[in-house]
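Visitor: Compact mmCIF, C-alpha atoms, file data_19.txt:
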```txt
# COMPACT_ATOMS: atom_id res chain seq x y z
CA MET A 245 2.50 28.85 14.50
CA GLY A 246 1.22 32.42 14.63
CA GLU A 247 -1.09 33.93 17.20
CA ALA A 248 -3.54 31.94 19.29
CA LEU A 249 -7.24 32.69 18.82
CA ILE A 250 -8.39 33.41 22.39
CA ASP A 251 -11.79 34.73 23.48
CA SER A 252 -12.43 37.16 26.32
CA TYR A 253 -12.91 34.25 28.77
CA GLY A 254 -9.47 32.81 28.04
CA ARG A 255 -10.65 29.90 25.88
CA THR A 256 -8.40 29.08 22.92
CA VAL A 257 -10.21 28.22 19.67
CA ARG A 258 -8.81 25.08 18.04
CA ASP A 259 -11.87 23.59 16.35
CA LEU A 260 -13.61 24.85 13.19
CA ARG A 261 -16.98 23.38 12.18
CA ILE A 262 -17.77 23.98 8.50
CA SER A 263 -21.25 23.56 7.04
CA VAL A 264 -20.89 22.81 3.33
CA THR A 265 -24.63 22.94 2.53
CA ASP A 266 -27.96 23.70 4.19
CA ARG A 267 -29.66 20.93 2.18
CA CYS A 268 -30.42 17.47 3.49
CA ASN A 269 -32.02 14.28 2.20
CA PHE A 270 -33.56 13.54 5.64
CA ARG A 271 -36.09 15.56 7.64
CA CYS A 272 -35.18 14.73 11.24
CA GLN A 273 -37.75 16.21 13.59
CA TYR A 274 -35.20 17.71 16.00
CA CYS A 275 -33.42 19.49 13.14
CA MET A 276 -35.76 20.68 10.38
CA PRO A 277 -39.43 20.62 9.31
CA GLU A 278 -40.80 17.95 6.98
CA GLU A 279 -41.98 20.58 4.49
CA GLY A 280 -41.49 24.26 3.83
CA MET A 281 -37.73 24.68 4.09
CA VAL A 282 -36.42 27.55 1.96
CA TRP A 283 -32.99 26.59 0.65
CA LEU A 284 -30.18 29.03 0.16
CA PRO A 285 -29.60 30.06 -3.48
CA ARG A 286 -26.66 28.08 -4.80
CA THR A 287 -24.84 31.30 -5.66
CA ASP A 288 -24.85 32.20 -1.95
CA ILE A 289 -23.12 28.97 -0.91
CA LEU A 290 -19.39 29.27 -0.44
CA THR A 291 -17.23 27.65 -3.09
CA PHE A 292 -14.65 25.05 -2.12
CA GLU A 293 -11.95 27.64 -2.72
CA GLU A 294 -13.66 30.11 -0.37
CA ILE A 295 -14.08 27.47 2.32
CA GLU A 296 -10.45 26.46 1.95
CA ARG A 297 -9.34 30.08 2.30
CA VAL A 298 -11.20 30.63 5.57
CA ALA A 299 -9.90 27.31 6.88
CA ARG A 300 -6.35 28.13 5.82
CA VAL A 301 -6.38 31.42 7.73
CA CYS A 302 -7.71 29.63 10.82
CA VAL A 303 -5.18 26.79 10.56
CA GLU A 304 -2.04 28.63 9.45
CA ARG A 305 -2.59 31.94 11.24
CA PHE A 306 -4.32 30.84 14.44
CA GLY A 307 -3.24 27.22 14.91
CA VAL A 308 -6.71 25.69 14.57
CA ASP A 309 -5.97 21.97 14.29
CA SER A 310 -9.40 20.34 14.10
CA ILE A 311 -11.93 20.71 11.27
CA ARG A 312 -15.31 19.01 11.05
CA LEU A 313 -17.51 19.07 7.95
CA THR A 314 -21.25 19.25 8.53
CA GLY A 315 -24.45 20.26 6.76
CA GLY A 316 -27.37 19.98 6.31
CA GLU A 317 -26.08 16.70 5.00
CA PRO A 318 -22.54 17.19 3.65
CA THR A 319 -22.66 14.22 1.25
CA VAL A 320 -25.32 15.92 -0.88
CA ARG A 321 -22.72 18.52 -1.87
CA ALA A 322 -21.32 17.53 -5.25
CA HIS A 323 -17.64 16.56 -5.48
CA LEU A 324 -17.17 16.58 -1.71
CA PRO A 325 -13.91 14.55 -1.83
CA THR A 326 -12.35 17.50 -3.69
CA LEU A 327 -12.95 19.75 -0.69
CA VAL A 328 -11.72 17.05 1.69
CA ALA A 329 -8.45 16.85 -0.23
CA LYS A 330 -7.99 20.62 -0.04
CA LEU A 331 -8.53 20.69 3.71
CA ALA A 332 -6.43 17.58 4.33
CA ALA A 333 -3.48 19.37 2.70
CA LEU A 334 -3.52 22.23 5.23
CA ARG A 335 -0.71 22.36 7.77
CA VAL A 336 -0.87 24.00 11.17
CA GLY A 337 1.36 27.05 11.07
CA GLY A 338 1.89 26.60 7.34
CA GLY A 339 4.67 24.01 7.63
CA ALA A 340 5.15 21.07 5.33
CA ASP A 341 5.81 18.10 7.59
CA GLY A 342 3.80 14.88 7.50
CA VAL A 343 0.47 14.26 9.18
CA GLY A 344 0.37 12.76 12.66
CA ASP A 345 -1.84 9.88 13.73
CA GLY A 346 -3.92 11.63 16.41
CA ARG A 347 -5.05 15.06 17.44
CA GLU A 348 -2.51 15.13 20.25
CA ASP A 349 0.23 14.89 17.62
CA ARG A 350 -1.18 17.74 15.54
CA ARG A 351 -0.44 20.70 17.76
CA GLU A 352 3.00 21.36 16.34
CA ASP A 353 3.79 23.58 13.39
CA GLY A 354 3.59 21.72 10.10
CA ARG A 355 1.22 19.03 11.30
CA GLY A 356 -2.00 18.29 9.47
CA VAL A 357 -5.44 19.00 10.83
CA ASP A 358 -7.68 16.44 12.49
CA LEU A 359 -10.29 16.21 9.71
CA ALA A 360 -13.69 14.68 10.47
CA MET A 361 -17.25 14.75 9.15
CA THR A 362 -20.76 14.32 10.53
CA THR A 363 -23.19 12.59 8.16
CA ASN A 364 -26.47 10.69 8.18
CA GLY A 365 -24.60 7.81 6.54
CA ALA A 366 -27.17 7.03 3.84
CA SER A 367 -24.68 7.60 0.99
CA LEU A 368 -21.56 6.20 2.62
CA ARG A 369 -21.66 2.89 0.76
CA LEU A 370 -21.01 4.90 -2.41
CA MET A 371 -18.63 7.51 -0.96
CA ALA A 372 -16.71 6.10 2.00
CA ARG A 373 -13.66 4.94 0.06
CA ASP A 374 -13.37 8.17 -1.96
CA LEU A 375 -13.62 10.29 1.18
CA TYR A 376 -11.01 8.19 2.95
CA ASP A 377 -8.64 8.33 -0.01
CA ALA A 378 -9.06 12.13 -0.12
CA GLY A 379 -7.80 12.40 3.47
CA LEU A 380 -10.86 12.16 5.72
CA ARG A 381 -10.13 9.94 8.71
CA ARG A 382 -12.99 10.18 11.22
CA LEU A 383 -16.75 9.94 10.83
CA ASN A 384 -19.74 10.62 13.04
CA ILE A 385 -22.85 8.93 11.66
CA SER A 386 -26.27 10.05 12.91
CA CYS A 387 -28.81 7.33 13.70
CA ASP A 388 -31.62 7.88 16.18
CA SER A 389 -33.40 4.52 16.10
CA LEU A 390 -32.57 0.92 15.27
CA GLN A 391 -36.23 0.22 14.56
CA ARG A 392 -37.31 0.72 10.96
CA GLU A 393 -40.74 2.25 11.57
CA ARG A 394 -39.44 4.54 14.31
CA PHE A 395 -36.51 5.60 12.15
CA LEU A 396 -39.00 6.51 9.43
CA ALA A 397 -41.10 8.50 11.90
CA ILE A 398 -38.07 10.49 13.10
CA THR A 399 -36.40 11.13 9.74
CA LYS A 400 -39.40 10.91 7.38
CA ARG A 401 -37.25 8.59 5.26
CA ASP A 402 -37.32 4.77 5.07
CA ALA A 403 -33.54 4.57 5.06
CA LEU A 404 -32.44 2.65 8.14
CA GLU A 405 -30.91 -0.17 6.11
CA SER A 406 -28.92 2.32 4.03
CA VAL A 407 -27.56 3.96 7.18
CA LEU A 408 -26.62 0.62 8.76
CA ASP A 409 -24.93 -0.37 5.51
CA GLY A 410 -23.12 2.96 5.52
CA ILE A 411 -21.78 2.26 9.00
CA ASP A 412 -20.36 -1.04 7.81
CA ALA A 413 -18.90 0.67 4.73
CA ALA A 414 -17.18 3.29 6.91
CA VAL A 415 -15.57 0.63 9.09
CA ALA A 416 -14.50 -1.35 6.03
CA ALA A 417 -12.96 1.75 4.43
CA GLY A 418 -10.67 2.22 7.45
CA PHE A 419 -12.27 5.12 9.32
CA ASP A 420 -11.20 5.03 12.94
CA PRO A 421 -12.99 5.79 15.06
CA VAL A 422 -16.47 5.54 13.61
CA LYS A 423 -18.88 7.23 16.00
CA LEU A 424 -22.64 6.84 16.01
CA ASN A 425 -24.58 9.95 17.10
CA CYS A 426 -27.97 9.33 18.72
CA VAL A 427 -30.19 12.24 19.79
CA LEU A 428 -32.44 10.97 22.56
CA MET A 429 -35.97 12.36 22.98
CA ARG A 430 -38.27 11.50 25.85
CA GLY A 431 -41.13 9.30 24.72
CA ILE A 432 -39.65 8.87 21.25
CA ASN A 433 -36.52 6.72 21.41
CA ASP A 434 -35.36 6.76 25.05
CA ASP A 435 -36.24 3.07 25.36
CA GLU A 436 -33.40 2.21 22.94
CA ILE A 437 -30.50 3.37 25.10
CA VAL A 438 -29.27 -0.13 25.95
CA ASP A 439 -30.02 -1.34 22.41
CA PHE A 440 -27.67 1.30 21.02
CA ALA A 441 -25.01 0.40 23.57
CA ARG A 442 -25.26 -3.24 22.53
CA PHE A 443 -25.13 -2.27 18.85
CA GLY A 444 -21.93 -0.29 19.40
CA ARG A 445 -20.29 -3.12 21.28
CA GLU A 446 -21.17 -5.63 18.56
CA ARG A 447 -20.23 -3.44 15.58
CA GLY A 448 -17.10 -1.88 17.07
CA VAL A 449 -18.39 1.69 16.83
CA ARG A 450 -18.52 4.34 19.55
CA VAL A 451 -22.07 5.44 20.32
CA ARG A 452 -22.47 9.05 21.43
CA PHE A 453 -25.76 9.95 23.09
CA ILE A 454 -26.77 13.58 22.63
CA GLU A 455 -29.30 15.49 24.68
CA PHE A 456 -32.16 17.03 22.68
CA MET A 457 -31.36 20.74 22.19
CA PRO A 458 -33.63 23.71 21.37
CA LEU A 459 -32.61 23.96 17.72
CA ASP A 460 -35.54 22.19 16.04
CA ALA A 461 -37.22 24.19 13.27
CA SER A 462 -40.71 23.30 14.48
CA ASP A 463 -40.03 24.76 17.95
CA GLN A 464 -41.27 21.65 19.76
CA TRP A 465 -38.39 21.48 22.22
CA SER A 466 -39.15 21.52 25.93
CA ALA A 467 -37.05 20.60 28.95
CA ASN A 468 -39.24 17.61 29.79
CA ARG A 469 -38.34 16.02 26.45
CA VAL A 470 -34.63 15.98 27.34
CA VAL A 471 -33.16 12.67 28.53
CA PRO A 472 -30.39 13.78 30.95
CA GLY A 473 -26.92 12.39 30.52
CA ALA A 474 -26.88 10.94 34.03
CA GLU A 475 -29.97 8.88 33.22
CA ILE A 476 -28.34 7.57 30.04
CA VAL A 477 -25.19 6.49 31.87
CA ALA A 478 -27.21 4.80 34.64
CA ALA A 479 -29.30 2.82 32.15
CA ILE A 480 -26.25 1.44 30.37
CA ASP A 481 -24.20 0.92 33.53
CA ALA A 482 -26.93 -1.33 34.93
CA VAL A 483 -26.40 -3.74 32.02
CA TYR A 484 -22.84 -3.06 30.88
CA PRO A 485 -20.84 -1.55 33.77
CA LEU A 486 -19.02 1.66 32.88
CA VAL A 487 -16.10 3.70 34.16
CA ALA A 488 -15.63 7.38 33.34
CA VAL A 489 -12.62 8.34 31.21
CA GLU A 490 -10.59 11.16 32.74
CA GLY A 491 -9.01 14.01 30.81
CA ARG A 492 -12.00 15.25 28.83
CA GLY A 493 -10.39 18.56 27.95
CA SER A 494 -12.41 20.57 25.43
CA GLN A 495 -14.22 17.61 23.92
CA PRO A 496 -18.05 17.89 23.94
CA ALA A 497 -18.58 14.26 24.98
CA GLN A 498 -17.86 12.82 28.39
CA ARG A 499 -16.50 9.36 27.59
CA TYR A 500 -17.13 6.13 29.49
CA ARG A 501 -15.33 2.84 28.96
CA TYR A 502 -16.94 -0.55 29.45
CA ARG A 503 -15.31 -2.28 32.39
CA ASP A 504 -15.00 -5.49 30.35
CA GLY A 505 -12.94 -3.67 27.71
CA GLU A 506 -15.52 -3.92 24.93
CA GLY A 507 -15.32 -0.31 23.73
CA GLU A 508 -16.81 2.91 25.04
CA ILE A 509 -19.68 5.40 24.80
CA GLY A 510 -19.87 9.17 24.93
CA VAL A 511 -22.53 11.48 26.38
CA ILE A 512 -23.02 15.05 25.19
CA ALA A 513 -25.05 16.67 27.95
CA SER A 514 -25.38 20.15 26.47
CA VAL A 515 -28.58 20.86 28.41
CA SER A 516 -28.21 19.14 31.79
CA ALA A 517 -24.44 19.60 32.20
CA PRO A 518 -23.18 22.35 29.87
CA PHE A 519 -19.48 22.33 29.02
CA CYS A 520 -19.29 25.90 27.71
CA GLY A 521 -16.37 26.75 29.98
CA ALA A 522 -14.07 24.50 27.94
CA CYS A 523 -15.54 25.21 24.48
CA ASP A 524 -12.91 25.64 21.75
CA ARG A 525 -15.23 25.77 18.70
CA ILE A 526 -16.33 28.25 16.07
CA ARG A 527 -18.64 27.57 13.12
CA LEU A 528 -18.81 28.63 9.48
CA THR A 529 -22.24 28.34 7.87
CA ALA A 530 -22.73 27.28 4.27
CA GLU A 531 -23.17 30.88 3.08
CA GLY A 532 -20.18 32.22 5.00
CA GLN A 533 -21.51 33.39 8.36
CA LEU A 534 -19.02 32.90 11.21
CA ARG A 535 -20.62 31.88 14.53
CA ASN A 536 -18.75 31.69 17.83
CA CYS A 537 -21.36 29.43 19.45
CA LEU A 538 -23.92 26.88 18.28
CA PHE A 539 -26.52 29.05 20.03
CA ALA A 540 -25.14 32.42 18.89
CA VAL A 541 -27.71 35.07 18.04
CA ASP A 542 -25.37 37.18 15.91
CA GLU A 543 -22.91 36.29 13.17
CA THR A 544 -20.07 37.77 11.13
CA ASP A 545 -20.58 37.69 7.36
CA LEU A 546 -17.28 36.69 5.75
CA ARG A 547 -18.63 36.40 2.21
CA PRO A 548 -18.26 40.11 1.34
CA LEU A 549 -14.59 39.86 2.26
CA LEU A 550 -14.14 36.65 0.28
CA ARG A 551 -15.86 38.01 -2.82
CA GLY A 552 -15.12 41.71 -2.50
CA GLY A 553 -11.35 41.77 -2.55
CA GLY A 554 -10.61 41.48 1.14
CA GLY A 555 -7.19 40.13 2.01
CA ASP A 556 -6.23 37.44 4.49
CA GLU A 557 -5.49 40.14 7.08
CA ASP A 558 -9.06 41.37 6.72
CA LEU A 559 -10.38 37.84 7.20
CA ALA A 560 -8.16 37.33 10.23
CA ALA A 561 -9.35 40.60 11.78
CA ALA A 562 -13.01 39.65 11.27
CA ILE A 563 -12.42 36.24 12.86
CA VAL A 564 -10.62 37.76 15.85
CA ALA A 565 -13.43 40.27 16.37
CA ASN A 566 -16.09 37.55 16.23
CA VAL A 567 -14.26 35.32 18.72
CA GLY A 568 -13.77 38.31 21.00
CA ARG A 569 -17.55 38.60 21.35
CA LYS A 570 -18.04 34.97 22.40
CA TRP A 571 -20.17 34.72 25.50
CA ALA A 572 -19.59 32.63 28.62
CA GLY A 573 -22.30 30.10 27.76
CA HIS A 574 -25.63 29.48 26.04
CA SER A 575 -27.89 29.79 29.16
CA ILE A 576 -30.33 27.02 28.21
CA ASN A 577 -32.89 26.56 31.02
CA LYS A 578 -32.31 30.12 32.23
CA VAL A 579 -34.57 33.13 31.72
CA THR A 580 -31.73 34.81 29.82
CA PHE A 581 -31.68 32.11 27.09
CA ILE A 582 -32.38 33.40 23.60
CA ARG A 583 -33.25 30.79 21.03
CA PRO A 584 -31.30 31.19 17.75
CA ALA A 585 -33.32 32.20 14.71
CA ARG A 586 -31.76 29.35 12.72
CA SER A 587 -32.47 25.63 13.06
CA MET A 588 -29.72 23.04 13.38
CA SER A 589 -29.68 22.25 9.65
CA GLN A 590 -29.07 25.92 8.82
CA ILE A 591 -26.24 26.29 11.31
CA GLY A 592 -24.29 23.07 10.99
CA GLY A 593 -23.73 20.76 13.96
```
Would you kindly transcribe this structure into structure tokens?
Guide:
Amino acid sequence: MGEALIDSYGRTVRDLRISVTDRCNFRCQYCMPEEGMVWLPRTDILTFEEIERVARVCVERFGVDSIRLTGGEPTVRAHLPTLVAKLAALRVGGGADGVGDGREDRREDGRGVDLAMTTNGASLRLMARDLYDAGLRRLNISCDSLQRERFLAITKRDALESVLDGIDAAVAAGFDPVKLNCVLMRGINDDEIVDFARFGRERGVRVRFIEFMPLDASDQWSANRVVPGAEIVAAIDAVYPLVAVEGRGSQPAQRYRYRDGEGEIGVIASVSAPFCGACDRIRLTAEGQLRNCLFAVDETDLRPLLRGGGGDEDLAAAIVANVGRKWAGHSINKVTFIRPARSMSQIGG
């Protein structure tokens, strides 16, 4: 399968997050400002062929077996199923065997990658089937309120019905699992915790509650606006008793099953209970910057190599060097924390 991609703290990179665009049709307050965003010139955005090349080096050379497409909002990128098909065709180690059914089955040479996407869901009614047919199998759909007026206030778009319809379209198309991402903010939507749990149980989707992180473009984040993971679990457990799922591994969410068997939730407690010690992720921004952490303050520009005649060995060397500089953790809530210059929409989740 080639060499493992290991950082200086002994963590093996297996997960590549790829932002396909910095543009978005929402303006979520924890992600980007309502006005004034300066978009990347389209000529600076990586082509599908360039994205595929970086992914191929990571998958075939280093055994990366999980790829997630993000944005901005990935569905605003034209012809997205074409890219999905290219990435779905990659094989770990460069083999040619068939694709397994789960990530656990995809760690052998020749297995396909675990290909997923995070989206706001507003366009899924139109795209879900095409994405599935192209080889996408898992979806995370962002939705931060089940109340129309509140959804509008958070996203600056009156699109709740489109998102809910997109969730149904994803389930109907065969995506499994469909996960619903909810960023909780104190005083904004923290009174909907149990409502979201109930929604997930009724719709057969896995709700993942995410702590508010300091990546908002308006710089309004503060620790007292974070709803800690322990509080989220306690609120749901009081109504729908939960039991923790063991064997989290490198996954960002701590999972909890309902004791009555009606599904599960996940909690991503990046602020109150960081999981940096098990992180296996790197990120590629829309214009080709490689980041070894969501909160990284430096990047490696791969675009000159991609467009200037660099070979795959050059790309591999740049990736190895970037991963070698990965730090122990992001240090949120410590005096050593340095806030990234980019907002979430410019990085990719």
Visitor: Counting only C-alpha atoms, which residue out of A:Lys330, A:His323, A:Arg445, A:Arg469 sits closest to A:Gly505?
Guide: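 Looking at the shortest contact to A:Gly505, the residue is A:Arg445.
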Visitor: Excluding A:Ile398 and its own-chain neighbours fewer than 4 positions away, which residues fall within 10 Å of it when counting all atoms listed in the file? Please give them as a list in words.
Guide: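 The filter keeps Phe270, Arg271, Cys272, Gln273, Tyr274, Cys387, Asp388, Ser389, Glu393, Arg394, Asp402, Ile432 and Asn433 of chain A.
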Visitor: Write the residues of the selection above to a file with C-alpha atoms, as a CSV table (one decimal), keeping the file's coordinate frame.
Guide:
```
chain,number,residue,atom,x,y,z
A,270,PHE,CA,-33.6,13.5,5.6
A,271,ARG,CA,-36.1,15.6,7.6
A,272,CYS,CA,-35.2,14.7,11.2
A,273,GLN,CA,-37.8,16.2,13.6
A,274,TYR,CA,-35.2,17.7,16.0
A,387,CYS,CA,-28.8,7.3,13.7
A,388,ASP,CA,-31.6,7.9,16.2
A,389,SER,CA,-33.4,4.5,16.1
A,393,GLU,CA,-40.7,2.2,11.6
A,394,ARG,CA,-39.4,4.5,14.3
A,402,ASP,CA,-37.3,4.8,5.1
A,432,ILE,CA,-39.6,8.9,21.2
A,433,ASN,CA,-36.5,6.7,21.4
```
Visitor: Counting all atoms listed in the file, figure out which residue out of A:Leu538, A:Leu383, A:Ile509, A:Leu327 gets nearest to A:Val489.
Guide: A:Ile509
Visitor: What is the atom CA of A:Leu284 to atom CA of A:Glu296 distance in Å?
Guide: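 These two atoms are separated by 20.0 Å.
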Visitor: So which one's closest to A:Ile454, A:Gly431, A:Gly568, A:Gly418, A:Gly473? Using all atoms listed in the file, please.
Guide: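 With all atoms listed in the file as the atom set, the closest residue is A:Gly473.
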Visitor: Tell me which protein, DNA and RNA residues are within 12 Å of A:Arg442, counting all atoms listed in the file, leaving out same-chain ones fewer than 4 positions away, and put them as an MDAnalysis selection string.
Guide: chainID A and resid 390 436:438 446:451 480:481 483:484 502 506:509
Visitor: What does the structure give for the distance between atom CA of A:Val422 and atom CA of A:Thr319, in Å to one decimal?
Guide: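 Taking atom CA of A:Val422 as the start and atom CA of A:Thr319 as the end point, the length is 16.3 Å.
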Visitor: Here is a test: counting only C-alpha atoms, which residue of A:Ala248, A:Arg547, A:Ala517, A:Ala332 is nearest to A:Thr529?
Guide: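 Ranking A:Ala248, A:Arg547, A:Ala517, A:Ala332 by distance to A:Thr529, first place goes to A:Arg547.
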Visitor: Tell me, as a PyMOL selection string, which residues lie within 12 Å of stretch 554-558 of chain A, counting all atoms listed in the file; anything in the same chain fewer than 2 positions away does not count.
Guide: chain A and resi 294+297-302+304-306+546-552+560-565
Visitor: Which is closest to A:Ala417 among A:Cys537, A:Met429, A:Ala441, A:Leu368, if we use all atoms listed in the file?
Guide: A:Leu368
Visitor: Mind giving me the straight-line distance from atom CA of A:Arg286 to atom CA of A:Glu531 in Å, one decimal?
Guide: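 Going from atom CA of A:Arg286 over to atom CA of A:Glu531, I get 9.1 Å.
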